[in-house]
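Contents: one structure, followed by commentary.
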Amino acid sequence: GMRLRGLPMDGEGVKAGLVSSYRKQYGGQLLYTIPSFHNPTGKVMSEQRRKEIISLSKKEQLPIIEDDAYGDLWFEKKPPQPLKAMDHEGNILYLGTFSKTVSPGLRIGWLAGPEPVIERLADIKMQTDYGSSGLSQWAAAEWLSQGYYEEHLTWVRRKLKERRDAAVHFLERYAGDIATWRIPAGGFYIWVTFHKNLPVSRFFYGLLKRQVLVNPGCIYDGEDRNSIRLSYSYASLGDLETGIKAAAETARRLMM
Ligand SMILES: Cc1ncc(COP(=O)(O)O)c(C=O)c1O
């Protein structure tokens, strides 16, 4: 029953200055945000913006859900501390998951928040799915306590960075003259914006015929007609090249 409303972002993340007016206009009850390696744009919220969001949440008594699914997946430098680390009011529910770093099939995530809220959510979870698998939780606890997680992260970061570099290289080669993008400093995604709008449906199905599945920008922002979210996390380097080449060729043809 949630009614979601997107908030505009700039290079530093969600525009904090617009939160109050959006809240009034749409009756907003809660701010959901992905400060580090945002899905789908790959952006990282700056430290200054994090401070602004925290003080806003304090001033306005605005609860925040901070989704930190990608925060551990940085390449050269850690993102700024989570919002939750600066929360002295208990306004923030902080979420993490093993889905992006270890295995989505484990279905293990965690949250940090005020105890009464956790108790309530745990109860709802119990009523919804009887709780997560004990076996998965046991494996996850072992993984964390034996130091495998940190070791594994070092490997994942290295591998992901290789893929990011390859994806950027193929983008430059095949789409350098028809699109722009920011090079992500971590996470899974590159948000690619073509210079002109695309007929989204023809673009999507044209690529599907070539066995390339893209996430058009309109999935994330209903008005968007010229962006795609590119994930470099899973495909082999060969498939990344095939996919990016096909997307660029199709976009080039349709933009004419
Ligand atoms: C920002 C964000 N949060 C959470 C998830 C999903 O996590 P989980 O598999 O733990 O439900 C995703 C996966 O796409 C994601 O992008």
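Scheme for the structure tokens: letters A, B, ... for chains in order shown; per-chain residue numbers from 1; ligand numbers from 1 in order shown.
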Residues within 10 Å of Leu135 in chain A, only C-alpha atoms, excluding chain neighbours under 5 positions, as a list of chain:residue names |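 Counting only C-alpha atoms, the residues come to A:Leu106, A:Ala140, A:Ala141.
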Any chance you can output those residues with all heavy atoms as a PDB file, in the first residue's frame?
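As a result, result.pdb now contains:
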```
ATOM      1  N   LEU A 106      21.186 -16.953  -0.353  1.00  0.00           N
ATOM      2  CA  LEU A 106      21.197 -17.157   1.097  1.00  0.00           C
ATOM      3  C   LEU A 106      19.977 -16.524   1.756  1.00  0.00           C
ATOM      4  O   LEU A 106      19.518 -16.980   2.787  1.00  0.00           O
ATOM      5  CB  LEU A 106      22.434 -16.506   1.720  1.00  0.00           C
ATOM      6  CG  LEU A 106      23.697 -17.314   1.904  1.00  0.00           C
ATOM      7  CD1 LEU A 106      24.763 -16.414   2.534  1.00  0.00           C
ATOM      8  CD2 LEU A 106      23.475 -18.521   2.793  1.00  0.00           C
ATOM      9  N   ALA A 140      25.893 -18.021   7.555  1.00  0.00           N
ATOM     10  CA  ALA A 140      26.285 -16.604   7.525  1.00  0.00           C
ATOM     11  C   ALA A 140      27.073 -16.236   8.787  1.00  0.00           C
ATOM     12  O   ALA A 140      28.078 -15.520   8.717  1.00  0.00           O
ATOM     13  CB  ALA A 140      25.052 -15.718   7.391  1.00  0.00           C
ATOM     14  N   ALA A 141      26.643 -16.741   9.924  1.00  0.00           N
ATOM     15  CA  ALA A 141      27.329 -16.428  11.187  1.00  0.00           C
ATOM     16  C   ALA A 141      28.761 -16.968  11.149  1.00  0.00           C
ATOM     17  O   ALA A 141      29.712 -16.294  11.559  1.00  0.00           O
ATOM     18  CB  ALA A 141      26.557 -17.029  12.361  1.00  0.00           C
TER      19      ALA A 141
END
```
Taking only C-alpha atoms and all ligand atoms into account, which residues are within 12 Å of ligand 1, as a tab-separated table (two decimals) with all heavy atoms, in the first residue's frame?
```tsv
chain	number	residue	atom	x	y	z
A	32	TYR	N	13.28	6.97	1.95
A	32	TYR	CA	14.07	5.78	1.63
A	32	TYR	C	15.25	6.23	0.79
A	32	TYR	O	15.06	6.95	-0.20
A	32	TYR	CB	13.21	4.77	0.85
A	32	TYR	CG	14.02	3.65	0.23
A	32	TYR	CD1	14.36	2.52	0.99
A	32	TYR	CD2	14.47	3.72	-1.08
A	32	TYR	CE1	15.12	1.50	0.44
A	32	TYR	CE2	15.24	2.70	-1.64
A	32	TYR	CZ	15.56	1.60	-0.88
A	32	TYR	OH	16.32	0.60	-1.41
A	33	THR	N	16.45	5.83	1.16
A	33	THR	CA	17.61	6.29	0.40
A	33	THR	C	18.71	5.23	0.34
A	33	THR	O	18.83	4.38	1.23
A	33	THR	CB	18.15	7.63	1.00
A	33	THR	OG1	19.29	8.05	0.26
A	33	THR	CG2	18.55	7.49	2.46
A	34	ILE	N	19.47	5.27	-0.75
A	34	ILE	CA	20.62	4.36	-0.94
A	34	ILE	C	21.84	5.26	-1.09
A	34	ILE	O	22.24	5.59	-2.20
A	34	ILE	CB	20.45	3.49	-2.22
A	34	ILE	CG1	19.05	2.89	-2.29
A	34	ILE	CG2	21.52	2.41	-2.30
A	34	ILE	CD1	18.70	2.31	-3.67
A	35	PRO	N	22.43	5.70	0.04
A	35	PRO	CA	23.48	6.72	-0.06
A	35	PRO	C	24.75	6.24	-0.79
A	35	PRO	O	25.41	7.04	-1.44
A	35	PRO	CB	23.79	7.07	1.39
A	35	PRO	CG	22.61	6.59	2.18
A	35	PRO	CD	22.10	5.40	1.45
A	36	SER	N	25.09	4.96	-0.65
A	36	SER	CA	26.35	4.51	-1.26
A	36	SER	C	26.12	3.60	-2.45
A	36	SER	O	25.48	2.57	-2.34
A	36	SER	CB	27.20	3.78	-0.20
A	36	SER	OG	27.51	4.68	0.84
A	37	PHE	N	26.65	4.03	-3.61
A	37	PHE	CA	26.55	3.27	-4.87
A	37	PHE	C	25.09	2.96	-5.18
A	37	PHE	O	24.67	1.82	-5.34
A	37	PHE	CB	27.42	2.01	-4.82
A	37	PHE	CG	28.78	2.28	-4.28
A	37	PHE	CD1	29.28	1.60	-3.17
A	37	PHE	CD2	29.57	3.26	-4.86
A	37	PHE	CE1	30.52	1.90	-2.65
A	37	PHE	CE2	30.82	3.55	-4.35
A	37	PHE	CZ	31.30	2.86	-3.24
A	38	HIS	N	24.37	4.05	-5.26
A	38	HIS	CA	22.92	4.04	-5.48
A	38	HIS	C	22.54	3.16	-6.69
A	38	HIS	O	23.20	3.19	-7.72
A	38	HIS	CB	22.52	5.50	-5.73
A	38	HIS	CG	21.09	5.72	-6.08
A	38	HIS	ND1	20.69	5.95	-7.38
A	38	HIS	CD2	19.99	5.75	-5.31
A	38	HIS	CE1	19.37	6.14	-7.38
A	38	HIS	NE2	18.93	6.01	-6.13
A	39	ASN	N	21.49	2.41	-6.50
A	39	ASN	CA	20.87	1.66	-7.58
A	39	ASN	C	19.69	2.49	-8.07
A	39	ASN	O	18.78	2.75	-7.27
A	39	ASN	CB	20.38	0.30	-7.04
A	39	ASN	CG	19.67	-0.53	-8.08
A	39	ASN	OD1	19.61	-0.16	-9.24
A	39	ASN	ND2	19.11	-1.66	-7.67
A	40	PRO	N	19.66	2.98	-9.32
A	40	PRO	CA	20.46	2.57	-10.48
A	40	PRO	C	21.60	3.50	-10.89
A	40	PRO	O	22.30	3.19	-11.85
A	40	PRO	CB	19.39	2.61	-11.59
A	40	PRO	CG	18.55	3.80	-11.23
A	40	PRO	CD	18.51	3.81	-9.71
A	41	THR	N	21.83	4.63	-10.22
A	41	THR	CA	22.75	5.62	-10.80
A	41	THR	C	24.22	5.40	-10.42
A	41	THR	O	25.11	6.00	-11.02
A	41	THR	CB	22.37	7.05	-10.37
A	41	THR	OG1	22.52	7.12	-8.94
A	41	THR	CG2	20.94	7.40	-10.75
A	42	GLY	N	24.48	4.60	-9.40
A	42	GLY	CA	25.86	4.37	-8.96
A	42	GLY	C	26.41	5.52	-8.10
A	42	GLY	O	27.57	5.47	-7.68
A	43	LYS	N	25.59	6.54	-7.85
A	43	LYS	CA	26.10	7.72	-7.12
A	43	LYS	C	26.38	7.43	-5.64
A	43	LYS	O	25.75	6.56	-5.05
A	43	LYS	CB	25.07	8.85	-7.17
A	43	LYS	CG	24.99	9.50	-8.54
A	43	LYS	CD	23.95	10.58	-8.55
A	43	LYS	CE	23.84	11.17	-9.95
A	43	LYS	NZ	22.79	12.17	-10.05
A	65	ILE	N	14.82	5.17	5.94
A	65	ILE	CA	15.33	3.81	5.71
A	65	ILE	C	16.59	3.97	4.89
A	65	ILE	O	16.56	4.51	3.78
A	65	ILE	CB	14.32	2.93	4.96
A	65	ILE	CG1	13.09	2.70	5.83
A	65	ILE	CG2	14.96	1.58	4.60
A	65	ILE	CD1	12.04	1.79	5.20
A	66	GLU	N	17.70	3.54	5.44
A	66	GLU	CA	18.98	3.63	4.73
A	66	GLU	C	19.33	2.24	4.22
A	66	GLU	O	19.60	1.33	4.99
A	66	GLU	CB	20.08	4.13	5.69
A	66	GLU	CG	21.45	4.16	5.03
A	66	GLU	CD	22.55	4.70	5.94
A	66	GLU	OE1	22.39	4.64	7.17
A	66	GLU	OE2	23.56	5.18	5.39
A	67	ASP	N	19.30	2.09	2.91
A	67	ASP	CA	19.58	0.79	2.30
A	67	ASP	C	21.05	0.77	1.88
A	67	ASP	O	21.45	1.47	0.95
A	67	ASP	CB	18.65	0.61	1.09
A	67	ASP	CG	18.72	-0.79	0.50
A	67	ASP	OD1	19.71	-1.50	0.77
A	67	ASP	OD2	17.80	-1.16	-0.24
A	68	ASP	N	21.83	-0.03	2.57
A	68	ASP	CA	23.28	-0.03	2.31
A	68	ASP	C	23.71	-1.35	1.66
A	68	ASP	O	24.72	-1.95	2.03
A	68	ASP	CB	24.04	0.21	3.62
A	68	ASP	CG	25.47	0.69	3.38
A	68	ASP	OD1	25.75	1.18	2.26
A	68	ASP	OD2	26.30	0.57	4.29
A	69	ALA	N	22.95	-1.79	0.68
A	69	ALA	CA	23.23	-3.08	0.04
A	69	ALA	C	24.60	-3.12	-0.65
A	69	ALA	O	25.19	-4.18	-0.79
A	69	ALA	CB	22.12	-3.39	-0.98
A	70	TYR	N	25.09	-1.94	-1.08
A	70	TYR	CA	26.32	-1.91	-1.90
A	70	TYR	C	27.52	-1.29	-1.19
A	70	TYR	O	28.61	-1.23	-1.77
A	70	TYR	CB	26.06	-1.13	-3.19
A	70	TYR	CG	24.95	-1.74	-4.02
A	70	TYR	CD1	23.63	-1.32	-3.89
A	70	TYR	CD2	25.22	-2.76	-4.91
A	70	TYR	CE1	22.62	-1.90	-4.62
A	70	TYR	CE2	24.21	-3.35	-5.66
A	70	TYR	CZ	22.92	-2.91	-5.51
A	70	TYR	OH	21.92	-3.49	-6.23
A	71	GLY	N	27.33	-0.80	0.04
A	71	GLY	CA	28.37	-0.01	0.72
A	71	GLY	C	29.73	-0.68	0.84
A	71	GLY	O	30.76	0.00	0.82
A	94	TYR	N	18.61	0.99	9.39
A	94	TYR	CA	19.74	0.73	8.49
A	94	TYR	C	19.67	-0.72	7.99
A	94	TYR	O	19.57	-1.65	8.79
A	94	TYR	CB	21.03	0.96	9.26
A	94	TYR	CG	22.28	0.55	8.52
A	94	TYR	CD1	22.91	1.44	7.66
A	94	TYR	CD2	22.82	-0.73	8.67
A	94	TYR	CE1	24.05	1.06	6.97
A	94	TYR	CE2	23.96	-1.11	7.99
A	94	TYR	CZ	24.58	-0.21	7.14
A	94	TYR	OH	25.70	-0.58	6.47
A	95	LEU	N	19.70	-0.90	6.68
A	95	LEU	CA	19.61	-2.25	6.11
A	95	LEU	C	20.89	-2.67	5.42
A	95	LEU	O	21.50	-1.89	4.69
A	95	LEU	CB	18.53	-2.31	5.02
A	95	LEU	CG	17.14	-1.76	5.23
A	95	LEU	CD1	16.26	-2.13	4.04
A	95	LEU	CD2	16.55	-2.34	6.49
A	96	GLY	N	21.28	-3.92	5.65
A	96	GLY	CA	22.39	-4.51	4.90
A	96	GLY	C	21.96	-5.87	4.38
A	96	GLY	O	20.93	-6.40	4.81
A	97	THR	N	22.72	-6.42	3.46
A	97	THR	CA	22.36	-7.71	2.88
A	97	THR	C	23.60	-8.44	2.39
A	97	THR	O	24.60	-7.81	2.04
A	97	THR	CB	21.38	-7.51	1.68
A	97	THR	OG1	21.11	-8.77	1.07
A	97	THR	CG2	21.95	-6.57	0.63
A	98	PHE	N	23.52	-9.77	2.39
A	98	PHE	CA	24.58	-10.57	1.77
A	98	PHE	C	24.34	-10.75	0.27
A	98	PHE	O	25.15	-11.33	-0.43
A	98	PHE	CB	24.63	-11.96	2.40
A	98	PHE	CG	25.57	-12.07	3.58
A	98	PHE	CD1	25.39	-13.06	4.53
A	98	PHE	CD2	26.64	-11.21	3.71
A	98	PHE	CE1	26.27	-13.18	5.59
A	98	PHE	CE2	27.52	-11.32	4.78
A	98	PHE	CZ	27.33	-12.31	5.73
A	99	SER	N	23.19	-10.25	-0.20
A	99	SER	CA	22.80	-10.56	-1.58
A	99	SER	C	23.78	-10.06	-2.63
A	99	SER	O	23.95	-10.68	-3.66
A	99	SER	CB	21.41	-9.99	-1.89
A	99	SER	OG	20.43	-10.77	-1.25
A	100	LYS	N	24.41	-8.91	-2.38
A	100	LYS	CA	25.28	-8.34	-3.40
A	100	LYS	C	26.74	-8.74	-3.20
A	100	LYS	O	27.55	-8.65	-4.11
A	100	LYS	CB	25.19	-6.81	-3.39
A	100	LYS	CG	23.80	-6.28	-3.42
A	100	LYS	CD	23.12	-6.66	-4.71
A	100	LYS	CE	21.62	-6.43	-4.59
A	100	LYS	NZ	20.91	-6.82	-5.79
A	101	THR	N	27.08	-9.14	-1.98
A	101	THR	CA	28.48	-9.42	-1.70
A	101	THR	C	28.79	-10.91	-1.64
A	101	THR	O	29.90	-11.33	-1.95
A	101	THR	CB	28.88	-8.82	-0.34
A	101	THR	OG1	27.90	-9.22	0.62
A	101	THR	CG2	28.96	-7.32	-0.39
A	102	VAL	N	27.82	-11.72	-1.23
A	102	VAL	CA	28.08	-13.15	-1.05
A	102	VAL	C	27.19	-13.99	-1.94
A	102	VAL	O	27.66	-14.63	-2.88
A	102	VAL	CB	27.90	-13.57	0.43
A	102	VAL	CG1	28.23	-15.04	0.60
A	102	VAL	CG2	28.79	-12.74	1.34
A	103	SER	N	25.88	-13.98	-1.67
A	103	SER	CA	24.97	-14.80	-2.45
A	103	SER	C	23.52	-14.38	-2.20
A	103	SER	O	23.08	-14.39	-1.05
A	103	SER	CB	25.15	-16.26	-2.03
A	103	SER	OG	23.98	-16.98	-2.31
A	104	PRO	N	22.81	-14.02	-3.27
A	104	PRO	CA	21.41	-13.64	-3.08
A	104	PRO	C	20.58	-14.81	-2.58
A	104	PRO	O	19.59	-14.64	-1.86
A	104	PRO	CB	20.94	-13.17	-4.46
A	104	PRO	CG	22.04	-13.42	-5.41
A	104	PRO	CD	23.26	-13.86	-4.66
A	105	GLY	N	20.98	-16.04	-2.93
A	105	GLY	CA	20.22	-17.22	-2.57
A	105	GLY	C	20.22	-17.51	-1.08
A	105	GLY	O	19.34	-18.20	-0.58
A	106	LEU	N	21.19	-16.95	-0.35
A	106	LEU	CA	21.20	-17.16	1.10
A	106	LEU	C	19.98	-16.52	1.76
A	106	LEU	O	19.52	-16.98	2.79
A	106	LEU	CB	22.43	-16.51	1.72
A	106	LEU	CG	23.70	-17.31	1.90
A	106	LEU	CD1	24.76	-16.41	2.53
A	106	LEU	CD2	23.47	-18.52	2.79
A	107	ARG	N	19.47	-15.45	1.14
A	107	ARG	CA	18.36	-14.65	1.69
A	107	ARG	C	18.67	-14.17	3.11
A	107	ARG	O	17.86	-14.31	4.02
A	107	ARG	CB	17.02	-15.42	1.67
A	107	ARG	CG	16.60	-16.04	0.39
A	107	ARG	CD	16.60	-15.09	-0.79
A	107	ARG	NE	15.87	-13.85	-0.59
A	107	ARG	CZ	16.30	-12.67	-1.04
A	107	ARG	NH1	17.44	-12.54	-1.69
A	107	ARG	NH2	15.58	-11.60	-0.83
A	108	ILE	N	19.86	-13.65	3.30
A	108	ILE	CA	20.22	-13.11	4.61
A	108	ILE	C	20.51	-11.62	4.49
A	108	ILE	O	21.32	-11.20	3.67
A	108	ILE	CB	21.48	-13.81	5.18
A	108	ILE	CG1	21.22	-15.30	5.44
A	108	ILE	CG2	21.93	-13.11	6.47
A	108	ILE	CD1	20.43	-15.62	6.67
A	109	GLY	N	19.82	-10.87	5.31
A	109	GLY	CA	20.08	-9.44	5.42
A	109	GLY	C	20.00	-9.08	6.89
A	109	GLY	O	19.78	-9.95	7.73
A	110	TRP	N	20.20	-7.81	7.20
A	110	TRP	CA	20.13	-7.40	8.60
A	110	TRP	C	19.63	-5.97	8.67
A	110	TRP	O	19.65	-5.25	7.67
A	110	TRP	CB	21.50	-7.51	9.28
A	110	TRP	CG	22.60	-6.86	8.53
A	110	TRP	CD1	22.99	-5.56	8.61
A	110	TRP	CD2	23.42	-7.49	7.54
A	110	TRP	NE1	24.03	-5.34	7.73
A	110	TRP	CE2	24.31	-6.51	7.06
A	110	TRP	CE3	23.51	-8.79	7.00
A	110	TRP	CZ2	25.27	-6.77	6.08
A	110	TRP	CZ3	24.46	-9.05	6.03
A	110	TRP	CH2	25.33	-8.04	5.58
A	111	LEU	N	19.17	-5.61	9.84
A	111	LEU	CA	18.83	-4.21	10.01
A	111	LEU	C	19.17	-3.77	11.41
A	111	LEU	O	19.19	-4.57	12.35
A	111	LEU	CB	17.39	-3.90	9.64
A	111	LEU	CG	16.21	-4.60	10.28
A	111	LEU	CD1	15.73	-3.78	11.46
A	111	LEU	CD2	15.09	-4.69	9.25
A	132	SER	N	13.87	-16.33	8.55
A	132	SER	CA	14.84	-16.84	7.57
A	132	SER	C	15.32	-18.22	7.96
A	132	SER	O	15.32	-18.60	9.13
A	132	SER	CB	16.04	-15.90	7.50
A	132	SER	OG	15.62	-14.62	7.12
A	187	GLY	N	30.01	-0.62	-6.32
A	187	GLY	CA	28.67	-1.11	-6.66
A	187	GLY	C	28.64	-1.84	-8.00
A	187	GLY	O	29.67	-2.26	-8.51
A	188	PHE	N	27.43	-1.97	-8.54
A	188	PHE	CA	27.22	-2.82	-9.72
A	188	PHE	C	26.91	-2.06	-11.02
A	188	PHE	O	26.89	-2.67	-12.08
A	188	PHE	CB	25.98	-3.71	-9.49
A	188	PHE	CG	26.19	-4.89	-8.58
A	188	PHE	CD1	27.38	-5.09	-7.90
A	188	PHE	CD2	25.18	-5.83	-8.43
A	188	PHE	CE1	27.55	-6.18	-7.05
A	188	PHE	CE2	25.34	-6.93	-7.59
A	188	PHE	CZ	26.52	-7.10	-6.90
A	189	TYR	N	26.59	-0.75	-10.90
A	189	TYR	CA	25.87	-0.13	-12.03
A	189	TYR	C	26.53	1.08	-12.65
A	189	TYR	O	27.15	1.89	-11.96
A	189	TYR	CB	24.47	0.29	-11.58
A	189	TYR	CG	23.74	-0.82	-10.87
A	189	TYR	CD1	23.43	-0.72	-9.51
A	189	TYR	CD2	23.39	-1.98	-11.54
A	189	TYR	CE1	22.78	-1.75	-8.86
A	189	TYR	CE2	22.74	-3.02	-10.89
A	189	TYR	CZ	22.44	-2.90	-9.55
A	189	TYR	OH	21.80	-3.91	-8.89
A	220	TYR	N	12.96	3.07	-13.55
A	220	TYR	CA	13.33	3.76	-12.31
A	220	TYR	C	12.71	5.14	-12.21
A	220	TYR	O	12.46	5.65	-11.14
A	220	TYR	CB	14.86	3.87	-12.21
A	220	TYR	CG	15.51	2.52	-12.40
A	220	TYR	CD1	16.02	2.13	-13.64
A	220	TYR	CD2	15.55	1.61	-11.36
A	220	TYR	CE1	16.57	0.88	-13.83
A	220	TYR	CE2	16.09	0.35	-11.54
A	220	TYR	CZ	16.60	0.00	-12.78
A	220	TYR	OH	17.13	-1.25	-12.96
A	229	ARG	N	20.26	1.38	-17.33
A	229	ARG	CA	21.12	0.95	-16.24
A	229	ARG	C	21.90	-0.25	-16.71
A	229	ARG	O	21.33	-1.26	-17.12
A	229	ARG	CB	20.30	0.57	-15.02
A	229	ARG	CG	21.19	0.29	-13.80
A	229	ARG	CD	20.47	-0.46	-12.71
A	229	ARG	NE	20.31	-1.88	-13.02
A	229	ARG	CZ	19.84	-2.80	-12.17
A	229	ARG	NH1	19.46	-2.42	-10.97
A	229	ARG	NH2	19.72	-4.06	-12.52
A	231	SER	N	24.50	-3.16	-15.75
A	231	SER	CA	25.11	-3.85	-14.63
A	231	SER	C	26.32	-4.63	-15.12
A	231	SER	O	26.22	-5.40	-16.06
A	231	SER	CB	24.11	-4.81	-13.98
A	231	SER	OG	24.81	-5.64	-13.07
A	233	SER	N	28.03	-6.58	-13.01
A	233	SER	CA	28.38	-7.47	-11.91
A	233	SER	C	28.42	-8.95	-12.28
A	233	SER	O	29.12	-9.73	-11.67
A	233	SER	CB	27.39	-7.29	-10.77
A	233	SER	OG	26.13	-7.79	-11.14
```
From the list A:Ala246, A:Ala167, A:Leu73, A:Met45, which residue is nearest His152 in chain A when using only C-alpha atoms?
->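 Closest residue, counting only C-alpha atoms: A:Leu73.
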Can you list, as a PDB file with N, CA and C atoms, in the first residue's frame, every protein, DNA or RNA residue that comes within 10 Å of Gly176 in chain A when you count only C-alpha atoms, leaving out same-chain residues fewer than 6 positions away?
```
ATOM      1  N   VAL A 168      33.486   0.197 -18.863  1.00  0.00           N
ATOM      2  CA  VAL A 168      33.763   1.584 -19.241  1.00  0.00           C
ATOM      3  C   VAL A 168      34.544   1.617 -20.560  1.00  0.00           C
ATOM      4  N   HIS A 169      35.478   0.696 -20.700  1.00  0.00           N
ATOM      5  CA  HIS A 169      36.267   0.622 -21.926  1.00  0.00           C
ATOM      6  C   HIS A 169      35.362   0.338 -23.137  1.00  0.00           C
ATOM      7  N   PHE A 170      34.438  -0.614 -22.976  1.00  0.00           N
ATOM      8  CA  PHE A 170      33.546  -0.947 -24.105  1.00  0.00           C
ATOM      9  C   PHE A 170      32.571   0.204 -24.380  1.00  0.00           C
ATOM     10  N   PHE A 194      21.901   8.546 -23.072  1.00  0.00           N
ATOM     11  CA  PHE A 194      22.121   8.834 -24.492  1.00  0.00           C
ATOM     12  C   PHE A 194      21.824  10.312 -24.759  1.00  0.00           C
ATOM     13  N   ALA A 248      24.627  -0.122 -28.025  1.00  0.00           N
ATOM     14  CA  ALA A 248      25.070   1.111 -28.687  1.00  0.00           C
ATOM     15  C   ALA A 248      24.607   1.124 -30.144  1.00  0.00           C
TER      16      ALA A 248
END
```
To one decimal in Å, tell me the separation between CA of Ala247 in chain A and CA of Glu162 in chain A.
-> 20.7 Å
Where does range 203-248 of chain A meet range 1-6 of chain A within 12 Å, residue by residue, with the nearest atom pair and distance in Å to one decimal for each, counting only C-alpha atoms, listed by chain and rising number, as a Markdown table?
```
| residue | atom | partner | partner_atom | distance |
| --- | --- | --- | --- | --- |
| A:Ile219 | CA | A:Gly6 | CA | 11.9 |
| A:Tyr220 | CA | A:Gly6 | CA | 8.8 |
| A:Asp221 | CA | A:Gly6 | CA | 7.6 |
| A:Gly222 | CA | A:Gly6 | CA | 9.7 |
| A:Glu223 | CA | A:Gly6 | CA | 11.0 |
```
Can you tell me, as a list in words, what residues are no more than 7 Å from range 12-24 of chain A when counting only C-alpha atoms, ignoring any on the same chain fewer than 4 positions away?
->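 Skipping anything fewer than 4 positions along the chain leaves Leu7, Pro8, Gly28, Pro35, Lys43, Val44, Met45, Ser46, Arg49, Glu52 and Ile53 of chain A.
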Could you please write out, as an MDAnalysis selection string, every residue of range 67-133 of chain A that DSSP assigns to strand (DSSP E)?
-> chainID A and resid 67 92:97 109:112
CA of Trp74 in chain A to CA of Glu151 in chain A, straight-line distance in Å | 14.3 Å
Looking at A:Ile92, A:Ile190, A:Leu237, A:Met255, which one is nearest to Leu62 in chain A, with distances taken over only C-alpha atoms?
->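 Of A:Ile92, A:Ile190, A:Leu237, A:Met255, the one nearest Leu62 in chain A, counting only C-alpha atoms, is A:Ile92.
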Extract, using only C-alpha atoms, all DNA, RNA and protein residues at most 9 Å from Pro114 in chain A, discarding same-chain residues fewer than 4 positions from it, and format them as a PyMOL selection string.
-> chain A and resi 90-93+118-119
Can you tell me how far CA of Asp87 in chain A sits from CA of Met126 in chain A, in Å to one decimal?
-> 27.5 Å
Going by DSSP on the backbone, which bits of range 63-250 of chain A are alpha helix (DSSP H)? Write them as a PyMOL selection string, please.
-> chain A and resi 115-129+134-145+148-175+200-209+237-250
Counting only C-alpha atoms, the option among A:Leu56, A:Ala85, A:Ile183, A:Gly27 closest to Asp165 in chain A |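 Counting only C-alpha atoms, the residue closest to Asp165 in chain A is A:Ile183.
Restricting the calculation to only C-alpha atoms, the smallest distance between Leu213 in chain A and any of A:Ala166, A:Ile54, A:Leu230, A:Ala175 is found for A:Leu230.
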